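Read through the structure below, which is laid out as structure tokens, and then see the notes.
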Amino acid sequence: MSSAWIAPHHVLDVDDLSCGELASVLDLAEKPPGSLSPVLGGSGVALVFERPSARTRNAAEMAVVGLGGHPVSIAAAEVGIDQRETAEDVARTLACYHGTICARVADHEVLVRMAGALDAAGVSVPVVNLLSDRAHPSQALADLLTLRQCFGDPAGRTVAYVGDANNVWRSLALACAMAGVRLRTAAPDGYRPDPDDVERVARAGGDVEVTGDPLEAVAGADAVYTDVWVSMGQEAEADQRRRAFSGFTVDAELLTAAPEAVVMHCLPAHRGDEITAEVVDGPRSVVWRQAANRQHALRGLLAWLHGAGVAT
Ligand code: CP
Ligand code: NVA
């Protein structure tokens with residue numbers, strides 16, 4: 001390891017940022033796209049996808065281009081993490097060509113190992129999580145950006161999350177905690193936050209409020225958020241999950257308890273399961289704003305990681 005080594009700032013979940021850093025990323029994300037300096041300066045950004053993606057891949061590629069970098073999207077079979085070679089060797093290989101490694105992985109531990117391998121080798125290349133089974137931080141950044149656009153500073157607002165306490169929920173819960181947003185969660189038995197989640201959100205300054213009653217969570221909320229009942233990799237559990245989540249659909253009747261609330265969904269949406277077509281396609285839905293914000297949030301994050309100041 002050379003003495004010039006600077007530890008990279010890996011972002012595997014939202015709480016890898018401090019509250020101040022999170023605010024800086026969002027401030028950068030809010031800047032007009034062309035106003036940020038091209039901090040990537042022609043350097044490569046590896047975008048590895050072990051799972052399908054419409055929004056994240058396109059948002060990330062365009063964010064990299066917007067900062068003067070060169071995105072290279074890589075499908076699972078091309079690198080074969082832990083099949084063709086180890087996650088550690090994939091990370092070290094990609095770091096030979098790229099200044100940032102972003103990855104969507106089936107197993108969160110793979111990201112931890114990639115980041116660890118780069119640190120151990122003294123390589124100053126950050127690893128960014130583009131969704132794992134545990135977390136989806138770049139989604140949560142876009143969600144906070146959306147809340148800012150809807151409400152100004154969202155501190156003191158209430159988001160009701162109805163559904164699975166999954167990867168999207170974990171990152172959203174951390175983001176809300178760090179931004180002073182109250183998050184109320186409605187989930188059925190067996191799909192609620194586990195004690196580790198509760199402890200981690202508490203460390204981030206939040207409080208996990210969980211109920212089995214969607215109406216109780218949604219009553220008077222400023223935003224109602226849901227995600228799929230069956231995440232990528234859980235397809236074998238689809239029938240069991242659909243049974244468990246019956247009664248947790250975000251529909252027009254549930255929304256009568258929160259007459260002013262906007263409706264959020266990370267997408268892809270399954271109309272008729274976690275949300276009705278009437279709601280996701282209705283006037284209170286901000287899902288397409290969230291989707292567009294994925295690019296702005298990733299641009300803000302990459303700009304921040306590569307040293308752009310908020311005033312630039
Ligand atoms: N919300 C989200 O991450 O979408 P994709 O899976 O299409 O990237
Ligand atoms: N929870 C979902 C999010 C998709 C963006 C999944 O992991 O499939």
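If you're wondering about the labels, chains in the structure tokens are A, B, ... by order shown, residues count from 1 in each chain, ligands from 1 in order shown.
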
**Request:** Write as a ChimeraX atom specification the residues around ligand 2, taking 8 Å as the cut-off and counting only C-alpha atoms and all ligand atoms.
**Result:** /A:53,131-133,136,139,166-168,227-233,266-268

Counting only C-alpha atoms and all ligand atoms, give me one row per residue of chain A with an atom at most 12 Å from an atom of ligand 1, showing the shortest contact pair and its distance in Å to one decimal, sorted by chain then residue number, as JSON lines.
{"residue": "A:Leu47", "atom": "CA", "partner": "ligand 1", "partner_atom_place_in_ligand_line": "8 (O)", "distance": 11.8}
{"residue": "A:Val48", "atom": "CA", "partner": "ligand 1", "partner_atom_place_in_ligand_line": "8 (O)", "distance": 11.9}
{"residue": "A:Phe49", "atom": "CA", "partner": "ligand 1", "partner_atom_place_in_ligand_line": "8 (O)", "distance": 9.5}
{"residue": "A:Glu50", "atom": "CA", "partner": "ligand 1", "partner_atom_place_in_ligand_line": "6 (O)", "distance": 11.1}
{"residue": "A:Arg51", "atom": "CA", "partner": "ligand 1", "partner_atom_place_in_ligand_line": "6 (O)", "distance": 7.9}
{"residue": "A:Pro52", "atom": "CA", "partner": "ligand 1", "partner_atom_place_in_ligand_line": "6 (O)", "distance": 6.2}
{"residue": "A:Ser53", "atom": "CA", "partner": "ligand 1", "partner_atom_place_in_ligand_line": "8 (O)", "distance": 3.7}
{"residue": "A:Ala54", "atom": "CA", "partner": "ligand 1", "partner_atom_place_in_ligand_line": "7 (O)", "distance": 3.4}
{"residue": "A:Arg55", "atom": "CA", "partner": "ligand 1", "partner_atom_place_in_ligand_line": "8 (O)", "distance": 3.9}
{"residue": "A:Thr56", "atom": "CA", "partner": "ligand 1", "partner_atom_place_in_ligand_line": "8 (O)", "distance": 3.6}
{"residue": "A:Arg57", "atom": "CA", "partner": "ligand 1", "partner_atom_place_in_ligand_line": "8 (O)", "distance": 6.0}
{"residue": "A:Asn58", "atom": "CA", "partner": "ligand 1", "partner_atom_place_in_ligand_line": "8 (O)", "distance": 7.9}
{"residue": "A:Ala59", "atom": "CA", "partner": "ligand 1", "partner_atom_place_in_ligand_line": "8 (O)", "distance": 8.3}
{"residue": "A:Ala60", "atom": "CA", "partner": "ligand 1", "partner_atom_place_in_ligand_line": "8 (O)", "distance": 9.4}
{"residue": "A:Glu61", "atom": "CA", "partner": "ligand 1", "partner_atom_place_in_ligand_line": "8 (O)", "distance": 11.6}
{"residue": "A:Ala103", "atom": "CA", "partner": "ligand 1", "partner_atom_place_in_ligand_line": "8 (O)", "distance": 11.3}
{"residue": "A:Arg104", "atom": "CA", "partner": "ligand 1", "partner_atom_place_in_ligand_line": "8 (O)", "distance": 8.9}
{"residue": "A:Val105", "atom": "CA", "partner": "ligand 1", "partner_atom_place_in_ligand_line": "6 (O)", "distance": 11.5}
{"residue": "A:Asn129", "atom": "CA", "partner": "ligand 1", "partner_atom_place_in_ligand_line": "3 (O)", "distance": 10.9}
{"residue": "A:Leu130", "atom": "CA", "partner": "ligand 1", "partner_atom_place_in_ligand_line": "3 (O)", "distance": 7.5}
{"residue": "A:Leu131", "atom": "CA", "partner": "ligand 1", "partner_atom_place_in_ligand_line": "3 (O)", "distance": 6.9}
{"residue": "A:Ser132", "atom": "CA", "partner": "ligand 1", "partner_atom_place_in_ligand_line": "3 (O)", "distance": 10.1}
{"residue": "A:Asp133", "atom": "CA", "partner": "ligand 1", "partner_atom_place_in_ligand_line": "3 (O)", "distance": 11.9}
{"residue": "A:Ala135", "atom": "CA", "partner": "ligand 1", "partner_atom_place_in_ligand_line": "3 (O)", "distance": 10.6}
{"residue": "A:His136", "atom": "CA", "partner": "ligand 1", "partner_atom_place_in_ligand_line": "3 (O)", "distance": 7.4}
{"residue": "A:Pro137", "atom": "CA", "partner": "ligand 1", "partner_atom_place_in_ligand_line": "3 (O)", "distance": 9.7}
{"residue": "A:Ser138", "atom": "CA", "partner": "ligand 1", "partner_atom_place_in_ligand_line": "3 (O)", "distance": 8.2}
{"residue": "A:Gln139", "atom": "CA", "partner": "ligand 1", "partner_atom_place_in_ligand_line": "3 (O)", "distance": 6.3}
{"residue": "A:Ala140", "atom": "CA", "partner": "ligand 1", "partner_atom_place_in_ligand_line": "1 (N)", "distance": 9.6}
{"residue": "A:Leu141", "atom": "CA", "partner": "ligand 1", "partner_atom_place_in_ligand_line": "1 (N)", "distance": 11.5}
{"residue": "A:Ala142", "atom": "CA", "partner": "ligand 1", "partner_atom_place_in_ligand_line": "1 (N)", "distance": 9.6}
{"residue": "A:Asp143", "atom": "CA", "partner": "ligand 1", "partner_atom_place_in_ligand_line": "1 (N)", "distance": 10.2}
{"residue": "A:Asn167", "atom": "CA", "partner": "ligand 1", "partner_atom_place_in_ligand_line": "3 (O)", "distance": 10.4}
{"residue": "A:Val168", "atom": "CA", "partner": "ligand 1", "partner_atom_place_in_ligand_line": "1 (N)", "distance": 8.7}
{"residue": "A:Thr226", "atom": "CA", "partner": "ligand 1", "partner_atom_place_in_ligand_line": "1 (N)", "distance": 11.5}
{"residue": "A:Asp227", "atom": "CA", "partner": "ligand 1", "partner_atom_place_in_ligand_line": "1 (N)", "distance": 9.1}
{"residue": "A:Val228", "atom": "CA", "partner": "ligand 1", "partner_atom_place_in_ligand_line": "1 (N)", "distance": 10.3}
{"residue": "A:Ser231", "atom": "CA", "partner": "ligand 1", "partner_atom_place_in_ligand_line": "6 (O)", "distance": 9.8}
{"residue": "A:Met232", "atom": "CA", "partner": "ligand 1", "partner_atom_place_in_ligand_line": "6 (O)", "distance": 8.8}
{"residue": "A:Met264", "atom": "CA", "partner": "ligand 1", "partner_atom_place_in_ligand_line": "1 (N)", "distance": 11.1}
{"residue": "A:His265", "atom": "CA", "partner": "ligand 1", "partner_atom_place_in_ligand_line": "1 (N)", "distance": 8.1}
{"residue": "A:Cys266", "atom": "CA", "partner": "ligand 1", "partner_atom_place_in_ligand_line": "1 (N)", "distance": 4.4}
{"residue": "A:Leu267", "atom": "CA", "partner": "ligand 1", "partner_atom_place_in_ligand_line": "1 (N)", "distance": 4.7}
{"residue": "A:Pro268", "atom": "CA", "partner": "ligand 1", "partner_atom_place_in_ligand_line": "4 (O)", "distance": 6.0}
{"residue": "A:Ala269", "atom": "CA", "partner": "ligand 1", "partner_atom_place_in_ligand_line": "1 (N)", "distance": 9.3}
{"residue": "A:Val287", "atom": "CA", "partner": "ligand 1", "partner_atom_place_in_ligand_line": "1 (N)", "distance": 9.7}
{"residue": "A:Trp288", "atom": "CA", "partner": "ligand 1", "partner_atom_place_in_ligand_line": "1 (N)", "distance": 10.6}
{"residue": "A:Arg289", "atom": "CA", "partner": "ligand 1", "partner_atom_place_in_ligand_line": "1 (N)", "distance": 11.8}
{"residue": "A:Gln290", "atom": "CA", "partner": "ligand 1", "partner_atom_place_in_ligand_line": "1 (N)", "distance": 8.7}
{"residue": "A:Ala291", "atom": "CA", "partner": "ligand 1", "partner_atom_place_in_ligand_line": "1 (N)", "distance": 7.1}
{"residue": "A:Ala292", "atom": "CA", "partner": "ligand 1", "partner_atom_place_in_ligand_line": "1 (N)", "distance": 10.4}
{"residue": "A:Asn293", "atom": "CA", "partner": "ligand 1", "partner_atom_place_in_ligand_line": "1 (N)", "distance": 10.6}
{"residue": "A:Arg294", "atom": "CA", "partner": "ligand 1", "partner_atom_place_in_ligand_line": "1 (N)", "distance": 8.1}
{"residue": "A:Gln295", "atom": "CA", "partner": "ligand 1", "partner_atom_place_in_ligand_line": "8 (O)", "distance": 10.8}
{"residue": "A:Leu298", "atom": "CA", "partner": "ligand 1", "partner_atom_place_in_ligand_line": "3 (O)", "distance": 11.7}

Since we have the selection now, will you write its residues out, keeping C-alpha atoms, as a PDB file, in the first residue's frame?
ATOM      1  CA  LEU A  47     -21.728  -0.909 -13.660  1.00  0.00           C
ATOM      2  CA  VAL A  48     -22.137  -4.591 -12.804  1.00  0.00           C
ATOM      3  CA  PHE A  49     -25.636  -6.077 -12.881  1.00  0.00           C
ATOM      4  CA  GLU A  50     -26.280  -9.526 -11.427  1.00  0.00           C
ATOM      5  CA  ARG A  51     -30.025  -8.778 -11.596  1.00  0.00           C
ATOM      6  CA  PRO A  52     -32.201  -7.080 -14.241  1.00  0.00           C
ATOM      7  CA  SER A  53     -32.586  -3.302 -14.174  1.00  0.00           C
ATOM      8  CA  ALA A  54     -34.395  -0.680 -16.236  1.00  0.00           C
ATOM      9  CA  ARG A  55     -34.124   2.464 -14.100  1.00  0.00           C
ATOM     10  CA  THR A  56     -30.850   1.958 -12.263  1.00  0.00           C
ATOM     11  CA  ARG A  57     -28.775   0.986 -15.265  1.00  0.00           C
ATOM     12  CA  ASN A  58     -30.039   3.813 -17.455  1.00  0.00           C
ATOM     13  CA  ALA A  59     -29.920   6.372 -14.641  1.00  0.00           C
ATOM     14  CA  ALA A  60     -26.371   5.381 -13.746  1.00  0.00           C
ATOM     15  CA  GLU A  61     -25.086   5.394 -17.328  1.00  0.00           C
ATOM     16  CA  ALA A 103     -22.797  -3.130  -8.628  1.00  0.00           C
ATOM     17  CA  ARG A 104     -26.220  -4.720  -8.279  1.00  0.00           C
ATOM     18  CA  VAL A 105     -25.706  -8.058  -6.567  1.00  0.00           C
ATOM     19  CA  ASN A 129     -24.398  -0.481  -4.128  1.00  0.00           C
ATOM     20  CA  LEU A 130     -26.921  -0.415  -6.978  1.00  0.00           C
ATOM     21  CA  LEU A 131     -29.234  -2.821  -5.045  1.00  0.00           C
ATOM     22  CA  SER A 132     -28.542  -5.929  -3.060  1.00  0.00           C
ATOM     23  CA  ASP A 133     -30.769  -8.286  -1.118  1.00  0.00           C
ATOM     24  CA  ALA A 135     -30.242  -2.426   0.632  1.00  0.00           C
ATOM     25  CA  HIS A 136     -31.014  -0.016  -2.207  1.00  0.00           C
ATOM     26  CA  PRO A 137     -29.308   3.242  -1.212  1.00  0.00           C
ATOM     27  CA  SER A 138     -29.364   4.981  -4.592  1.00  0.00           C
ATOM     28  CA  GLN A 139     -33.140   4.498  -4.619  1.00  0.00           C
ATOM     29  CA  ALA A 140     -33.445   6.055  -1.162  1.00  0.00           C
ATOM     30  CA  LEU A 141     -31.413   9.077  -2.299  1.00  0.00           C
ATOM     31  CA  ALA A 142     -33.863   9.578  -5.171  1.00  0.00           C
ATOM     32  CA  ASP A 143     -36.767   9.138  -2.749  1.00  0.00           C
ATOM     33  CA  ASN A 167     -34.015  -3.868   0.723  1.00  0.00           C
ATOM     34  CA  VAL A 168     -35.904  -0.751  -0.386  1.00  0.00           C
ATOM     35  CA  THR A 226     -44.920   0.659  -1.345  1.00  0.00           C
ATOM     36  CA  ASP A 227     -42.708  -1.860  -3.141  1.00  0.00           C
ATOM     37  CA  VAL A 228     -43.237  -5.267  -4.725  1.00  0.00           C
ATOM     38  CA  SER A 231     -38.374  -9.104  -4.814  1.00  0.00           C
ATOM     39  CA  MET A 232     -35.840 -10.377  -7.319  1.00  0.00           C
ATOM     40  CA  MET A 264     -44.468   6.591  -4.016  1.00  0.00           C
ATOM     41  CA  HIS A 265     -43.144   3.334  -5.485  1.00  0.00           C
ATOM     42  CA  CYS A 266     -39.582   2.523  -6.522  1.00  0.00           C
ATOM     43  CA  LEU A 267     -40.896   0.503  -9.520  1.00  0.00           C
ATOM     44  CA  PRO A 268     -41.324  -1.924 -11.167  1.00  0.00           C
ATOM     45  CA  ALA A 269     -44.977  -1.928 -10.044  1.00  0.00           C
ATOM     46  CA  VAL A 287     -43.505   7.438  -9.226  1.00  0.00           C
ATOM     47  CA  TRP A 288     -42.231   8.891 -12.511  1.00  0.00           C
ATOM     48  CA  ARG A 289     -40.663  11.790 -10.674  1.00  0.00           C
ATOM     49  CA  GLN A 290     -38.922   9.212  -8.453  1.00  0.00           C
ATOM     50  CA  ALA A 291     -37.751   7.334 -11.553  1.00  0.00           C
ATOM     51  CA  ALA A 292     -36.334  10.513 -13.120  1.00  0.00           C
ATOM     52  CA  ASN A 293     -34.688  11.406  -9.831  1.00  0.00           C
ATOM     53  CA  ARG A 294     -32.694   8.176  -9.896  1.00  0.00           C
ATOM     54  CA  GLN A 295     -30.401   9.814 -12.476  1.00  0.00           C
ATOM     55  CA  LEU A 298     -26.723   9.082  -8.817  1.00  0.00           C
TER      56      LEU A 298
END

**Prompt:** Do you have the atom CA of Gly68 of chain A-atom CA of Ile6 of chain A distance handy?
**Reply:**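 Atom CA of Ile6 of chain A lies at a distance of 22.3 Å from atom CA of Gly68 of chain A.
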
**Request:** Give me the residues within 12 Å of Gly206 of chain A as a PyMOL selection string, counting only C-alpha atoms and dropping any in the same chain fewer than 5 places off.
**Result:** chain A and resi 15+155-156+170+172-184+197-201

**Asked** Which residues in segment 68-264 of chain A does DSSP call helix (DSSP H, G or I)? List them as a VMD selection string.
**Response** chain A and resid 76 to 79 87 to 94 108 to 120 137 to 151 167 to 179 195 to 203 214 to 218 235 to 244 252 to 255

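Contact shell of His9 of chain A at 9 Å (only C-alpha atoms; same-chain neighbours under 3 positions omitted): Asp16, Leu17, Ser124, Val125, Pro126, Val127, Val128 and Leu305 of chain A.
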